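A.B. asks: My structure is below; once you've seen it, I'll send some questions.
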Amino acid sequence: MSRPGLRARIESARARREHEGLLRRLRTADALPGGRRLVEGGRVLTDFCGNDYLGLASHRDLLAALTRAASAEGVGTGAAHLVSGHRREHAALEEELADWTGRERALVFSTGVMANLGCLQALLGAGSPGRSEAVCVQDKLNHASLIDGAQLAGAELLRYAHADTDAAALRLDSRPGKPALLATDGVFSMDGDVAPLAALARLCAEREALLYVDDAHGLGVLGPEGAGSVAAAGLTAREVPLLMGTLGKALGCAGAFVAGDASLIDAIMQFARTYIYTTAQPAALAAATRAAVHLARTDRDGRRERLNAHIARFRAGALQLGLPLMPSTTAIQPLPMGSAATATEAARSLEANGFLVVAIRPPTVPQGASRLRITLSAAHAPDRIDALLDALGRLPRPVEAAAV
């Protein structure tokens with residue numbers, strides 16, 4: 001009996017994706033001031049698809065902190081946090097993140113994906129990855145890493161209609177005899193809208209479910225001191241026991257953290273395989289992130305105010321042009337395109353006019369829901385926003401996008 005070839009299966013899947021116009025490709029884009037990128041062929045484009053919402057990635061304070069710590073600590077830590085890789089900069093960063101988010105303790109991970117995979121595996125798997133008696137209820141538009149984390153834990157995964165608290169309640173009520181965790185994005189990465197966090201918090205309190213919020217796109221830009229969507233909703237650590245945030249978006253660095261009460265964070269540290277079995281991030285990066293946290297909290301340069309002004313300017317201009325933006329008040333401003341081919345062609349047209357806006361296509365979004373995911377930053381100049389609007393206004397209007 002011949003065994004089916006794995007290589008052939010993989011190559012067939014890749015060829016199918018290419019035939020459907022969904023193949024992803026790498027490109028090199030070097031950073032320049034003002035939210036610009038130098039791409040292949042020497043072209044300079046304004047980046048309207050990155051996540052450097054506050055424009056901190058190249059801030060002089062971050063560069064100085066990184067350089068200072070690298071001179072003292074070297075580059076790599078050479079070990080996992082629980083071996084000998086946990087440095088003073090990591091410990092100080094965790095204390096500052098916990099204080100910023102109003103929680104007892106925080107734990108730093110190397111990436112946001114690793115944080116979600118590890119935390120959900122630890123919380124739902126209770127130390128037994130692949131086997132779980134728990135149920136995980138999730139918004140249908142959650143980030144892929146939240147879905148994968150529940151599956152990694154072996155938990156029963158139940159998904160509810162986007163931002164529908166009543167549907168979430170039905171999911172929880174369908175498994176009354178199981179321990180439950182409800183996970184949601186704070187700001188949804190592809191739609192830009194904010195989860196109904198207060199209603200979800202009430203639901204979890206009533207149903208005795210643990211609430212976990214991934215605030216990757218809210219931290220730094222929403223709420224008092226930029227503490228995120230949970231703080232913007234007026235919720236405390238009691239209502240939202242677990243808060244995950246990334247360090248590579250509004251903070252301009254790299255990595256992630258989870259914050260909560262000391263006992264939960266210690267349990268995650270004990271059981272999260274993506275924390276235990278990986279080298280700690282460079283101490284110099286933790287030092288740069290501390291500088292970013294300080295800048296985001298104090299916001300002496302008015303970056304959040306500038307970002308909010310850019311969002312208002314963009315949405316007002318889009319309304320004048322009749323562009324069918326999705327209902328988002330955050331830095332993520334999606335423009336529906338319908339088919340993948342239409343979105344790809346629109347992205348090419350924008351690039352020809354000097355703008356980097358990546359087409360978002362299946363499987364990241366459902367079939368027929370391809371879009372231009374336009375993101376705004378405090379680093380953008382108002383005249384570039386106006387120029388982008390002009391270029392968007394000259395795009396052909398896709399008929400199929402009207403149904404999205």
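Ordered as shown in the structure tokens, chains take letters A, B, and onward, while each chain numbers its residues from 1 and ligands are numbered from 1 in the order shown.
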So that I can check the surroundings of stretch 334-337 of chain A, please list as a ChimeraX atom specification every protein, DNA and RNA residue that reaches within 10 Å of it, counting only C-alpha atoms and ignoring chain neighbours fewer than 6 positions away.
C.D. replies: /A:189-193,318,323-328,343-346,359-361,368-375,392,396-404
A.B. asks: Counting only C-alpha atoms, what is within 12 Å of A:Arg297, bar same-chain residues fewer than 5 positions away, as a list in words?
C.D. replies: Leu54, Glu96, Leu97, Asp99, Trp100, Thr101, Leu219, Gly220, Val221, Leu222, Gly223, Pro224, Glu225, Gly226, Ala227, Gly228, Ala250, Leu251, Arg290, Ala291, Ala292, Gly302, Arg303 and Arg304 of chain A
A.B. asks: Could those selected residues go to a file with N, CA and C atoms, as an mmCIF file, in the first residue's frame?
C.D. replies:
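Saved to part-v6.cif:
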```
data_model
loop_
_atom_site.group_PDB
_atom_site.id
_atom_site.type_symbol
_atom_site.label_atom_id
_atom_site.label_comp_id
_atom_site.auth_asym_id
_atom_site.auth_seq_id
_atom_site.Cartn_x
_atom_site.Cartn_y
_atom_site.Cartn_z
ATOM 1 N N LEU A 54 0.871 55.192 17.351
ATOM 2 C CA LEU A 54 1.347 56.425 17.982
ATOM 3 C C LEU A 54 2.651 56.932 17.371
ATOM 4 N N GLU A 96 5.495 47.780 35.577
ATOM 5 C CA GLU A 96 4.923 48.988 34.983
ATOM 6 C C GLU A 96 3.672 48.672 34.160
ATOM 7 N N LEU A 97 3.661 47.537 33.478
ATOM 8 C CA LEU A 97 2.474 47.133 32.723
ATOM 9 C C LEU A 97 1.319 46.813 33.656
ATOM 10 N N ASP A 99 0.849 48.070 36.651
ATOM 11 C CA ASP A 99 0.387 49.342 37.208
ATOM 12 C C ASP A 99 -0.455 50.105 36.189
ATOM 13 N N TRP A 100 -0.010 50.130 34.939
ATOM 14 C CA TRP A 100 -0.720 50.848 33.873
ATOM 15 C C TRP A 100 -2.131 50.293 33.677
ATOM 16 N N THR A 101 -2.253 48.982 33.711
ATOM 17 C CA THR A 101 -3.546 48.350 33.439
ATOM 18 C C THR A 101 -4.364 48.083 34.706
ATOM 19 N N LEU A 219 -4.739 48.960 23.344
ATOM 20 C CA LEU A 219 -3.721 49.430 24.283
ATOM 21 C C LEU A 219 -2.910 50.570 23.671
ATOM 22 N N GLY A 220 -2.786 51.641 24.438
ATOM 23 C CA GLY A 220 -1.998 52.783 23.995
ATOM 24 C C GLY A 220 -2.817 53.867 23.326
ATOM 25 N N VAL A 221 -3.979 53.500 22.761
ATOM 26 C CA VAL A 221 -4.734 54.483 21.989
ATOM 27 C C VAL A 221 -6.116 54.788 22.561
ATOM 28 N N LEU A 222 -6.667 53.911 23.383
ATOM 29 C CA LEU A 222 -7.999 54.111 23.953
ATOM 30 C C LEU A 222 -7.915 54.240 25.472
ATOM 31 N N GLY A 223 -8.892 54.902 26.064
ATOM 32 C CA GLY A 223 -9.010 54.943 27.511
ATOM 33 C C GLY A 223 -8.103 55.951 28.189
ATOM 34 N N PRO A 224 -8.346 56.194 29.496
ATOM 35 C CA PRO A 224 -7.479 57.084 30.275
ATOM 36 C C PRO A 224 -6.038 56.589 30.266
ATOM 37 N N GLU A 225 -5.096 57.489 30.017
ATOM 38 C CA GLU A 225 -3.668 57.168 29.928
ATOM 39 C C GLU A 225 -3.384 56.127 28.844
ATOM 40 N N GLY A 226 -4.317 55.934 27.912
ATOM 41 C CA GLY A 226 -4.103 54.942 26.862
ATOM 42 C C GLY A 226 -4.108 53.519 27.372
ATOM 43 N N ALA A 227 -4.764 53.276 28.503
ATOM 44 C CA ALA A 227 -4.741 51.939 29.109
ATOM 45 C C ALA A 227 -5.598 50.930 28.367
ATOM 46 N N GLY A 228 -6.280 51.349 27.303
ATOM 47 C CA GLY A 228 -6.931 50.390 26.424
ATOM 48 C C GLY A 228 -8.447 50.396 26.457
ATOM 49 N N ALA A 250 0.812 49.974 19.151
ATOM 50 C CA ALA A 250 0.887 51.366 19.584
ATOM 51 C C ALA A 250 2.189 51.686 20.320
ATOM 52 N N LEU A 251 2.793 50.670 20.959
ATOM 53 C CA LEU A 251 4.033 50.918 21.710
ATOM 54 C C LEU A 251 5.284 50.856 20.830
ATOM 55 N N ARG A 290 9.732 49.882 28.065
ATOM 56 C CA ARG A 290 9.472 50.705 29.250
ATOM 57 C C ARG A 290 9.410 52.183 28.866
ATOM 58 N N ALA A 291 10.318 52.599 27.994
ATOM 59 C CA ALA A 291 10.294 53.993 27.523
ATOM 60 C C ALA A 291 9.006 54.276 26.765
ATOM 61 N N ALA A 292 8.550 53.306 25.966
ATOM 62 C CA ALA A 292 7.306 53.475 25.200
ATOM 63 C C ALA A 292 6.095 53.560 26.121
ATOM 64 N N GLY A 302 0.963 64.755 22.753
ATOM 65 C CA GLY A 302 -0.382 64.786 22.191
ATOM 66 C C GLY A 302 -0.592 63.818 21.050
ATOM 67 N N ARG A 303 0.046 62.667 21.103
ATOM 68 C CA ARG A 303 -0.060 61.710 19.996
ATOM 69 C C ARG A 303 -1.466 61.121 19.878
ATOM 70 N N ARG A 304 -2.094 60.817 21.003
ATOM 71 C CA ARG A 304 -3.460 60.276 20.913
ATOM 72 C C ARG A 304 -4.420 61.326 20.337
#
```
A.B. asks: Select from stretch 307-351 of chain A everything DSSP, run on the backbone, classes as helix (DSSP H, G or I), then give the selection as a ChimeraX atom specification.
C.D. replies: /A:307-321,340-351
A.B. asks: List as a tab-separated table (two decimals) with all heavy atoms, in the first residue's frame the protein and nucleic acid residues near A:Asp185, meaning an atom at most 9 Å away when only C-alpha atoms are counted, but skip any in the same chain fewer than 3 places from it.
C.D. replies:
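Contents of the output file selection-v1.tsv:
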```tsv
chain	number	residue	atom	x	y	z
A	139	ASP	N	-16.00	35.21	20.24
A	139	ASP	CA	-16.55	35.98	19.14
A	139	ASP	C	-16.04	35.40	17.82
A	139	ASP	O	-14.87	35.02	17.70
A	139	ASP	CB	-16.11	37.45	19.27
A	139	ASP	CG	-16.84	38.37	18.32
A	139	ASP	OD1	-16.63	38.23	17.10
A	139	ASP	OD2	-17.60	39.24	18.79
A	141	LEU	N	-15.21	36.79	15.19
A	141	LEU	CA	-14.17	37.58	14.52
A	141	LEU	C	-12.91	37.73	15.38
A	141	LEU	O	-12.07	38.58	15.09
A	141	LEU	CB	-14.72	38.97	14.14
A	141	LEU	CG	-15.86	38.98	13.12
A	141	LEU	CD1	-16.15	40.41	12.68
A	141	LEU	CD2	-15.56	38.09	11.92
A	142	ASN	N	-12.77	36.90	16.40
A	142	ASN	CA	-11.56	36.93	17.22
A	142	ASN	C	-10.32	36.65	16.39
A	142	ASN	O	-10.36	35.98	15.36
A	142	ASN	CB	-11.64	35.88	18.33
A	142	ASN	CG	-12.32	36.42	19.58
A	142	ASN	OD1	-12.69	37.59	19.65
A	142	ASN	ND2	-12.48	35.56	20.57
A	143	HIS	N	-9.19	37.12	16.92
A	143	HIS	CA	-7.90	36.85	16.28
A	143	HIS	C	-7.65	35.35	16.22
A	143	HIS	O	-8.04	34.60	17.12
A	143	HIS	CB	-6.78	37.54	17.06
A	143	HIS	CG	-5.47	37.55	16.33
A	143	HIS	ND1	-4.56	36.53	16.44
A	143	HIS	CD2	-4.95	38.47	15.47
A	143	HIS	CE1	-3.50	36.82	15.69
A	143	HIS	NE2	-3.72	37.98	15.09
A	146	LEU	N	-6.40	33.32	19.31
A	146	LEU	CA	-7.34	32.95	20.37
A	146	LEU	C	-8.05	31.65	20.02
A	146	LEU	O	-8.22	30.77	20.88
A	146	LEU	CB	-8.38	34.06	20.57
A	146	LEU	CG	-7.88	35.35	21.24
A	146	LEU	CD1	-8.95	36.43	21.18
A	146	LEU	CD2	-7.46	35.09	22.68
A	188	PHE	N	-11.37	44.85	17.27
A	188	PHE	CA	-11.24	43.77	16.29
A	188	PHE	C	-10.31	44.20	15.16
A	188	PHE	O	-10.50	45.26	14.55
A	188	PHE	CB	-12.62	43.34	15.79
A	188	PHE	CG	-13.41	42.64	16.84
A	188	PHE	CD1	-14.23	43.34	17.70
A	188	PHE	CD2	-13.28	41.27	17.02
A	188	PHE	CE1	-14.94	42.70	18.71
A	188	PHE	CE2	-13.98	40.61	18.02
A	188	PHE	CZ	-14.81	41.33	18.87
A	189	SER	N	-9.32	43.36	14.90
A	189	SER	CA	-8.20	43.76	14.06
A	189	SER	C	-8.55	43.99	12.60
A	189	SER	O	-7.87	44.76	11.92
A	189	SER	CB	-7.08	42.71	14.15
A	189	SER	OG	-7.56	41.44	13.73
A	194	VAL	N	-15.20	48.02	18.40
A	194	VAL	CA	-14.86	47.67	19.78
A	194	VAL	C	-15.92	46.70	20.31
A	194	VAL	O	-17.12	46.88	20.09
A	194	VAL	CB	-14.80	48.93	20.66
A	194	VAL	CG1	-14.42	48.57	22.10
A	194	VAL	CG2	-13.80	49.93	20.08
A	195	ALA	N	-15.46	45.68	21.02
A	195	ALA	CA	-16.37	44.68	21.60
A	195	ALA	C	-17.27	45.32	22.65
A	195	ALA	O	-16.89	46.30	23.30
A	195	ALA	CB	-15.57	43.56	22.22
A	212	TYR	N	-11.56	36.95	29.26
A	212	TYR	CA	-10.20	37.19	28.76
A	212	TYR	C	-10.31	38.14	27.58
A	212	TYR	O	-10.98	37.83	26.59
A	212	TYR	CB	-9.59	35.86	28.34
A	212	TYR	CG	-8.17	35.89	27.80
A	212	TYR	CD1	-7.10	35.43	28.58
A	212	TYR	CD2	-7.88	36.32	26.50
A	212	TYR	CE1	-5.81	35.42	28.09
A	212	TYR	CE2	-6.59	36.30	26.01
A	212	TYR	CZ	-5.56	35.85	26.80
A	212	TYR	OH	-4.26	35.84	26.31
A	213	VAL	N	-9.66	39.31	27.66
A	213	VAL	CA	-9.74	40.31	26.60
A	213	VAL	C	-8.36	40.49	25.96
A	213	VAL	O	-7.38	40.78	26.65
A	213	VAL	CB	-10.27	41.66	27.13
A	213	VAL	CG1	-10.24	42.71	26.02
A	213	VAL	CG2	-11.68	41.50	27.66
A	214	ASP	N	-8.32	40.31	24.65
A	214	ASP	CA	-7.13	40.58	23.84
A	214	ASP	C	-7.23	42.02	23.37
A	214	ASP	O	-8.01	42.34	22.47
A	214	ASP	CB	-7.08	39.60	22.66
A	214	ASP	CG	-5.96	39.89	21.68
A	214	ASP	OD1	-5.40	41.00	21.71
A	214	ASP	OD2	-5.66	39.01	20.85
A	215	ASP	N	-6.43	42.90	23.97
A	215	ASP	CA	-6.52	44.33	23.65
A	215	ASP	C	-5.33	44.79	22.80
A	215	ASP	O	-4.84	45.91	22.97
A	215	ASP	CB	-6.62	45.16	24.93
A	215	ASP	CG	-7.32	46.50	24.68
A	215	ASP	OD1	-8.10	46.58	23.71
A	215	ASP	OD2	-7.10	47.44	25.45
A	216	ALA	N	-4.91	43.96	21.87
A	216	ALA	CA	-3.76	44.26	21.03
A	216	ALA	C	-3.88	45.61	20.33
A	216	ALA	O	-2.91	46.36	20.23
A	216	ALA	CB	-3.57	43.15	19.99
A	217	HIS	N	-5.09	45.94	19.85
A	217	HIS	CA	-5.28	47.16	19.06
A	217	HIS	C	-5.93	48.30	19.84
A	217	HIS	O	-6.20	49.35	19.26
A	217	HIS	CB	-6.09	46.84	17.81
A	217	HIS	CG	-5.41	45.88	16.90
A	217	HIS	ND1	-4.51	46.28	15.93
A	217	HIS	CD2	-5.47	44.53	16.82
A	217	HIS	CE1	-4.06	45.22	15.29
A	217	HIS	NE2	-4.62	44.15	15.81
```
A.B. asks: Would you compute the distance between atom CA of A:Ala231 and atom CA of A:Arg103? Give it in Å to one decimal.
C.D. replies: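 About the pair atom CA of A:Ala231 and atom CA of A:Arg103: they are 11.5 Å apart.
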A.B. asks: How many Å separate atom CA of A:Glu73 from atom CA of A:Ala284?
C.D. replies: 7.1 Å
A.B. asks: Report as an mmCIF file with N, CA and C atoms, in the first residue's frame all protein, DNA and RNA residues lying within 9 Å of stretch 104-110 of chain A, evaluated on only C-alpha atoms, omitting residues in the same chain fewer than 4 positions from it.
C.D. replies:
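Result saved to out_8.cif:
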```cif
data_model
loop_
_atom_site.group_PDB
_atom_site.id
_atom_site.type_symbol
_atom_site.label_atom_id
_atom_site.label_comp_id
_atom_site.auth_asym_id
_atom_site.auth_seq_id
_atom_site.Cartn_x
_atom_site.Cartn_y
_atom_site.Cartn_z
ATOM 1 N N HIS A 90 13.090 43.117 32.386
ATOM 2 C CA HIS A 90 11.833 42.388 32.241
ATOM 3 C C HIS A 90 10.949 42.583 33.476
ATOM 4 N N ALA A 91 11.556 42.431 34.647
ATOM 5 C CA ALA A 91 10.810 42.556 35.897
ATOM 6 C C ALA A 91 10.221 43.960 36.042
ATOM 7 N N LEU A 93 9.558 46.073 33.586
ATOM 8 C CA LEU A 93 8.515 46.238 32.583
ATOM 9 C C LEU A 93 7.207 45.605 33.046
ATOM 10 N N GLU A 94 7.287 44.413 33.614
ATOM 11 C CA GLU A 94 6.076 43.742 34.088
ATOM 12 C C GLU A 94 5.388 44.541 35.190
ATOM 13 N N GLU A 95 6.166 45.115 36.096
ATOM 14 C CA GLU A 95 5.580 45.938 37.158
ATOM 15 C C GLU A 95 4.877 47.160 36.580
ATOM 16 N N GLU A 96 5.495 47.780 35.577
ATOM 17 C CA GLU A 96 4.923 48.988 34.983
ATOM 18 C C GLU A 96 3.672 48.672 34.160
ATOM 19 N N LEU A 97 3.661 47.537 33.478
ATOM 20 C CA LEU A 97 2.474 47.133 32.723
ATOM 21 C C LEU A 97 1.319 46.813 33.656
ATOM 22 N N ALA A 98 1.621 46.146 34.770
ATOM 23 C CA ALA A 98 0.583 45.842 35.748
ATOM 24 C C ALA A 98 0.000 47.128 36.336
ATOM 25 N N ASP A 99 0.849 48.070 36.651
ATOM 26 C CA ASP A 99 0.387 49.342 37.208
ATOM 27 C C ASP A 99 -0.455 50.105 36.189
ATOM 28 N N MET A 114 2.098 34.031 20.789
ATOM 29 C CA MET A 114 2.566 33.143 21.857
ATOM 30 C C MET A 114 1.814 33.392 23.157
ATOM 31 N N ALA A 115 1.464 34.652 23.423
ATOM 32 C CA ALA A 115 0.718 34.964 24.642
ATOM 33 C C ALA A 115 -0.656 34.306 24.611
ATOM 34 N N ALA A 237 -10.170 45.332 37.067
ATOM 35 C CA ALA A 237 -9.645 43.964 37.081
ATOM 36 C C ALA A 237 -10.673 42.978 37.634
ATOM 37 N N ALA A 254 8.098 45.200 20.392
ATOM 38 C CA ALA A 254 7.730 43.836 20.010
ATOM 39 C C ALA A 254 7.493 43.042 21.282
ATOM 40 N N GLY A 255 6.590 42.064 21.188
ATOM 41 C CA GLY A 255 6.280 41.235 22.341
ATOM 42 C C GLY A 255 4.844 41.436 22.781
ATOM 43 N N ALA A 256 4.509 40.884 23.947
ATOM 44 C CA ALA A 256 3.147 40.958 24.474
ATOM 45 C C ALA A 256 3.189 40.678 25.966
ATOM 46 N N PHE A 257 2.024 40.831 26.601
ATOM 47 C CA PHE A 257 1.933 40.523 28.031
ATOM 48 C C PHE A 257 0.511 40.122 28.353
ATOM 49 N N VAL A 258 0.356 39.462 29.474
ATOM 50 C CA VAL A 258 -0.961 39.213 30.046
ATOM 51 C C VAL A 258 -0.914 39.724 31.478
ATOM 52 N N ALA A 259 -2.006 40.400 31.898
ATOM 53 C CA ALA A 259 -2.052 40.973 33.243
ATOM 54 C C ALA A 259 -3.319 40.511 33.954
ATOM 55 N N GLY A 260 -3.197 40.303 35.253
ATOM 56 C CA GLY A 260 -4.342 39.857 36.046
ATOM 57 C C GLY A 260 -3.947 39.741 37.498
ATOM 58 N N ASP A 261 -4.762 39.026 38.286
ATOM 59 C CA ASP A 261 -4.396 38.863 39.693
ATOM 60 C C ASP A 261 -3.234 37.883 39.808
ATOM 61 N N ALA A 262 -2.532 37.960 40.915
ATOM 62 C CA ALA A 262 -1.273 37.233 41.075
ATOM 63 C C ALA A 262 -1.434 35.729 40.919
ATOM 64 N N SER A 263 -2.534 35.172 41.431
ATOM 65 C CA SER A 263 -2.697 33.714 41.372
ATOM 66 C C SER A 263 -2.909 33.233 39.939
ATOM 67 N N ILE A 265 -1.906 34.788 37.152
ATOM 68 C CA ILE A 265 -0.670 34.990 36.392
ATOM 69 C C ILE A 265 0.361 33.935 36.765
ATOM 70 N N ASP A 266 0.419 33.571 38.038
ATOM 71 C CA ASP A 266 1.357 32.522 38.435
ATOM 72 C C ASP A 266 0.978 31.190 37.807
ATOM 73 N N ILE A 268 -0.526 30.776 34.943
ATOM 74 C CA ILE A 268 -0.130 30.853 33.533
ATOM 75 C C ILE A 268 1.372 30.618 33.407
ATOM 76 N N MET A 269 2.147 31.217 34.293
ATOM 77 C CA MET A 269 3.601 31.022 34.250
ATOM 78 C C MET A 269 3.973 29.552 34.440
ATOM 79 N N THR A 274 4.283 28.132 25.757
ATOM 80 C CA THR A 274 4.950 29.140 24.925
ATOM 81 C C THR A 274 5.741 30.144 25.755
ATOM 82 N N TYR A 275 5.536 30.148 27.064
ATOM 83 C CA TYR A 275 6.349 30.964 27.959
ATOM 84 C C TYR A 275 7.526 30.164 28.499
ATOM 85 N N THR A 278 10.748 28.898 25.704
ATOM 86 C CA THR A 278 11.320 29.792 24.697
ATOM 87 C C THR A 278 12.275 30.764 25.364
ATOM 88 N N THR A 279 13.252 31.218 24.601
ATOM 89 C CA THR A 279 14.216 32.185 25.113
ATOM 90 C C THR A 279 13.532 33.514 25.393
ATOM 91 N N ALA A 280 13.874 34.134 26.509
ATOM 92 C CA ALA A 280 13.312 35.437 26.863
ATOM 93 C C ALA A 280 13.713 36.484 25.833
ATOM 94 N N GLN A 281 12.814 37.451 25.603
ATOM 95 C CA GLN A 281 13.129 38.530 24.669
ATOM 96 C C GLN A 281 14.346 39.305 25.183
#
```
A.B. asks: Using only C-alpha atoms, which protein or nucleic acid residues come within 10 Å of stretch 385-390 of chain A? Drop anything in the same chain fewer than 5 positions from it, and give the result as an MDAnalysis selection string.
C.D. replies: chainID A and resid 46 48 310:311 313:315 317:318 320:321 323 350 353:357 374 376 380 395
A.B. asks: For each of A:Ala340, A:Val358, A:Ala232, A:Val83, take the minimum atom-to-atom distance to A:Cys49, counting only C-alpha atoms, then give the residue where this is smallest.
C.D. replies: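 Among the listed residues, the smallest separation from A:Cys49 belongs to A:Val358.
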A.B. asks: Got a sec: who's within 9 Å of stretch 196-199 of chain A, counting only C-alpha atoms, leaving out chain neighbours fewer than 5 positions off, as a PDB file with N, CA and C atoms, in the first residue's frame?
C.D. replies:
```pdb
ATOM      1  N   ALA A 163     -19.993  40.318  18.188  1.00  0.00           N
ATOM      2  CA  ALA A 163     -20.428  41.374  19.117  1.00  0.00           C
ATOM      3  C   ALA A 163     -21.850  41.175  19.634  1.00  0.00           C
ATOM      4  N   ASP A 164     -22.348  39.951  19.614  1.00  0.00           N
ATOM      5  CA  ASP A 164     -23.718  39.643  20.017  1.00  0.00           C
ATOM      6  C   ASP A 164     -23.702  39.010  21.412  1.00  0.00           C
ATOM      7  N   THR A 165     -23.962  39.814  22.430  1.00  0.00           N
ATOM      8  CA  THR A 165     -23.911  39.323  23.807  1.00  0.00           C
ATOM      9  C   THR A 165     -24.989  38.277  24.070  1.00  0.00           C
ATOM     10  N   THR A 184     -12.497  37.471  23.949  1.00  0.00           N
ATOM     11  CA  THR A 184     -12.862  38.404  22.889  1.00  0.00           C
ATOM     12  C   THR A 184     -11.722  39.366  22.611  1.00  0.00           C
ATOM     13  N   GLY A 186     -10.571  43.137  22.139  1.00  0.00           N
ATOM     14  CA  GLY A 186     -11.091  44.417  22.597  1.00  0.00           C
ATOM     15  C   GLY A 186     -11.456  45.273  21.400  1.00  0.00           C
ATOM     16  N   CYS A 204     -20.443  37.421  32.002  1.00  0.00           N
ATOM     17  CA  CYS A 204     -19.497  36.486  32.619  1.00  0.00           C
ATOM     18  C   CYS A 204     -19.669  36.439  34.134  1.00  0.00           C
ATOM     19  N   VAL A 213      -9.660  39.312  27.663  1.00  0.00           N
ATOM     20  CA  VAL A 213      -9.739  40.306  26.600  1.00  0.00           C
ATOM     21  C   VAL A 213      -8.364  40.490  25.962  1.00  0.00           C
ATOM     22  N   SER A 229      -9.031  49.462  25.689  1.00  0.00           N
ATOM     23  CA  SER A 229     -10.482  49.411  25.528  1.00  0.00           C
ATOM     24  C   SER A 229     -11.189  49.029  26.824  1.00  0.00           C
ATOM     25  N   VAL A 230     -10.554  48.214  27.645  1.00  0.00           N
ATOM     26  CA  VAL A 230     -11.158  47.824  28.921  1.00  0.00           C
ATOM     27  C   VAL A 230     -11.274  49.047  29.836  1.00  0.00           C
ATOM     28  N   ALA A 233     -13.964  51.394  28.699  1.00  0.00           N
ATOM     29  CA  ALA A 233     -15.302  50.938  29.075  1.00  0.00           C
ATOM     30  C   ALA A 233     -15.570  51.102  30.568  1.00  0.00           C
ATOM     31  N   GLY A 234     -14.589  51.599  31.319  1.00  0.00           N
ATOM     32  CA  GLY A 234     -14.763  51.808  32.751  1.00  0.00           C
ATOM     33  C   GLY A 234     -14.719  50.533  33.559  1.00  0.00           C
ATOM     34  N   LEU A 235     -14.091  49.492  33.023  1.00  0.00           N
ATOM     35  CA  LEU A 235     -14.051  48.194  33.693  1.00  0.00           C
ATOM     36  C   LEU A 235     -12.747  48.010  34.455  1.00  0.00           C
ATOM     37  N   GLU A 239     -13.923  43.018  36.929  1.00  0.00           N
ATOM     38  CA  GLU A 239     -14.828  42.670  35.831  1.00  0.00           C
ATOM     39  C   GLU A 239     -14.113  41.957  34.689  1.00  0.00           C
ATOM     40  N   VAL A 240     -12.858  42.317  34.461  1.00  0.00           N
ATOM     41  CA  VAL A 240     -12.059  41.694  33.392  1.00  0.00           C
ATOM     42  C   VAL A 240     -10.803  41.117  34.041  1.00  0.00           C
TER      43      VAL A 240
END
```
